[in-house]
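Undergrad: Before we start, here is the structure in question, set down as structure tokens.
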Amino acid sequence: MPGLGLGLEMPKMIDGSSSLGIIDKLGGVVKSGFVLGFSYHLLTRDYKGYCLRVRRASDDTTLDIGFVGGYIDYASINAFCAGTNGFVAIYYNQYSAGNDAIQATLASQLKIYDSVTGFINDGPKLDGTDDRFTIIKYVNIDIVSPKISFYLNIKNVALNGYIYCLNGSGYPEIQHGVYKVPDEFRFYSEGSLRIAKDNSNVPLMLTWNSININDFKFIDSNSSINTTFNLTLTSRNNVNIGCRSSNADNSIGESFGSGNLKTLIIFNTNRYADYVLISSLV
């Protein structure tokens with residue numbers, strides 16, 4: 001398949017942007033807690049790599065896309081994909097080189113450019129059928145004493161399915177995951193429902209901190225709720241974005257989610273109080 005080269009680690013190239021990233025603007029302890037990030041936005045100016053790798057359907061040629069002024073270089077996508085559809089082969093992890101969100105199967109890649117309507121500004125689109133990314137064995141979110149925050153900027157989520165999932169020790173268990181039903185987002189951990197947020201809008205933030213107190217909070221642009229539970233992250237496996245796995249090695253997906261995922265940021269610190277600030281920047 002021309003140009004895809006998923007078995008090779010591509011060099012991380014300076015994109016030429018001097019813009020402060022979202023994480024830089026948060027600063028201090030927030031920046032130190034940043035461990036995983038995929039976004040159309042540059043998350044930190046320390047990152048000198050690409051935003052994502054796009055594949056055009058006409059000839060399966062791929063192109064790595066960087067940032068211009070702190071935002072994805074959509075003009076290059078427009079030029080590269082003109083007259084055909086474009087899909088994301090790799091969403092690069094802006095925390096560090098490697099541990100990128102990858103999809104080598106063409107039919108399961110998220111759409112980013114439509115031959116009729118053009119660049120999809122809301123974020124790469126999950127089709128609810130088979131689209132997903134996989135991140136292999138990502139140790140930076142293997143947190144023994146749970147203290148973690150998710151920030152997701154997602155839109156047009158309609159069908160039942162997982163938006164994010166970290167597998168447990170084997171099927172059908174999951175360590176934790178975010179699931180969307182028509183009227184609410186749900187958070188599952190250790191295979192059971194922990195909390196549900198009615199009438200959620202996006203973006204949203206999920207945070208738990210059980211080092212000192214078992215506290216979980218769920219916030220969106222309307223309101224927040226919180227509950228108490230005891231979660232022990234004793235095992236972890238591969239990460240899925242867009243579904244859960246139906247087996248222990250993550251090779252088969254199920255419960256596929258739909259919608260556009262523009263930003264996913266994970267912190268290993270409690271960032272619940274920063275929801276408003278992060279939302280204003282993304």
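Identifiers in the structure tokens: chain A, B, ... in order shown; residue index from 1 per chain; ligand index from 1 in order shown.
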At a cut-off of 10 Å, using only C-alpha atoms, what residues contact Arg244 of chain A? Leave out same-chain residues fewer than 6 positions from it and give the result as a ChimeraX atom specification.

TA: /A:132,134,161-167,171-174,176-179,238,250,252-257

Undergrad: Could you give me, as a compact mmCIF listing (two decimals) with C-alpha atoms, in the first residue's frame, the residues within 8 Å of Asp127 of chain A, counting only C-alpha atoms and dropping anything in the same chain fewer than 6 positions from it?

TA:
# COMPACT_ATOMS: atom_id res chain seq x y z
CA LEU A 110 -11.82 7.61 10.45
CA GLY A 257 -19.15 4.46 18.88
CA SER A 258 -20.09 7.19 16.43
CA GLY A 259 -19.30 10.88 16.15

Undergrad: Would you tabulate, counting only C-alpha atoms, all residues of segment 51-168 of chain A that have an atom at most 7 Å from an atom of segment 266-279 of chain A, showing the closest pair of atoms and their distance in Å to one decimal, sorted by chain then ascending number, as a tab-separated table?

TA:
residue	atom	partner	partner_atom	distance
A:Lys147	CA	A:Thr269	CA	5.4
A:Ile148	CA	A:Asn268	CA	4.3
A:Ser149	CA	A:Phe267	CA	5.1
A:Phe150	CA	A:Ile266	CA	4.7
A:Tyr151	CA	A:Ile266	CA	6.4

Undergrad: Using DSSP on the backbone coordinates, identify all residues within segment 26-95 of chain A classified as strand (DSSP E or B); present the result as a ChimeraX atom specification.

TA: /A:34-39,41,52-56,62-65,67-68,71-72,86-91

Undergrad: Which of these residues is nearest to Asn85 of chain A, using only C-alpha atoms: A:Ile112, A:Leu106, A:Met205, A:Ala101?

TA: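 Nearest candidate to Asn85 of chain A out of A:Ile112, A:Leu106, A:Met205, A:Ala101: A:Ile112.
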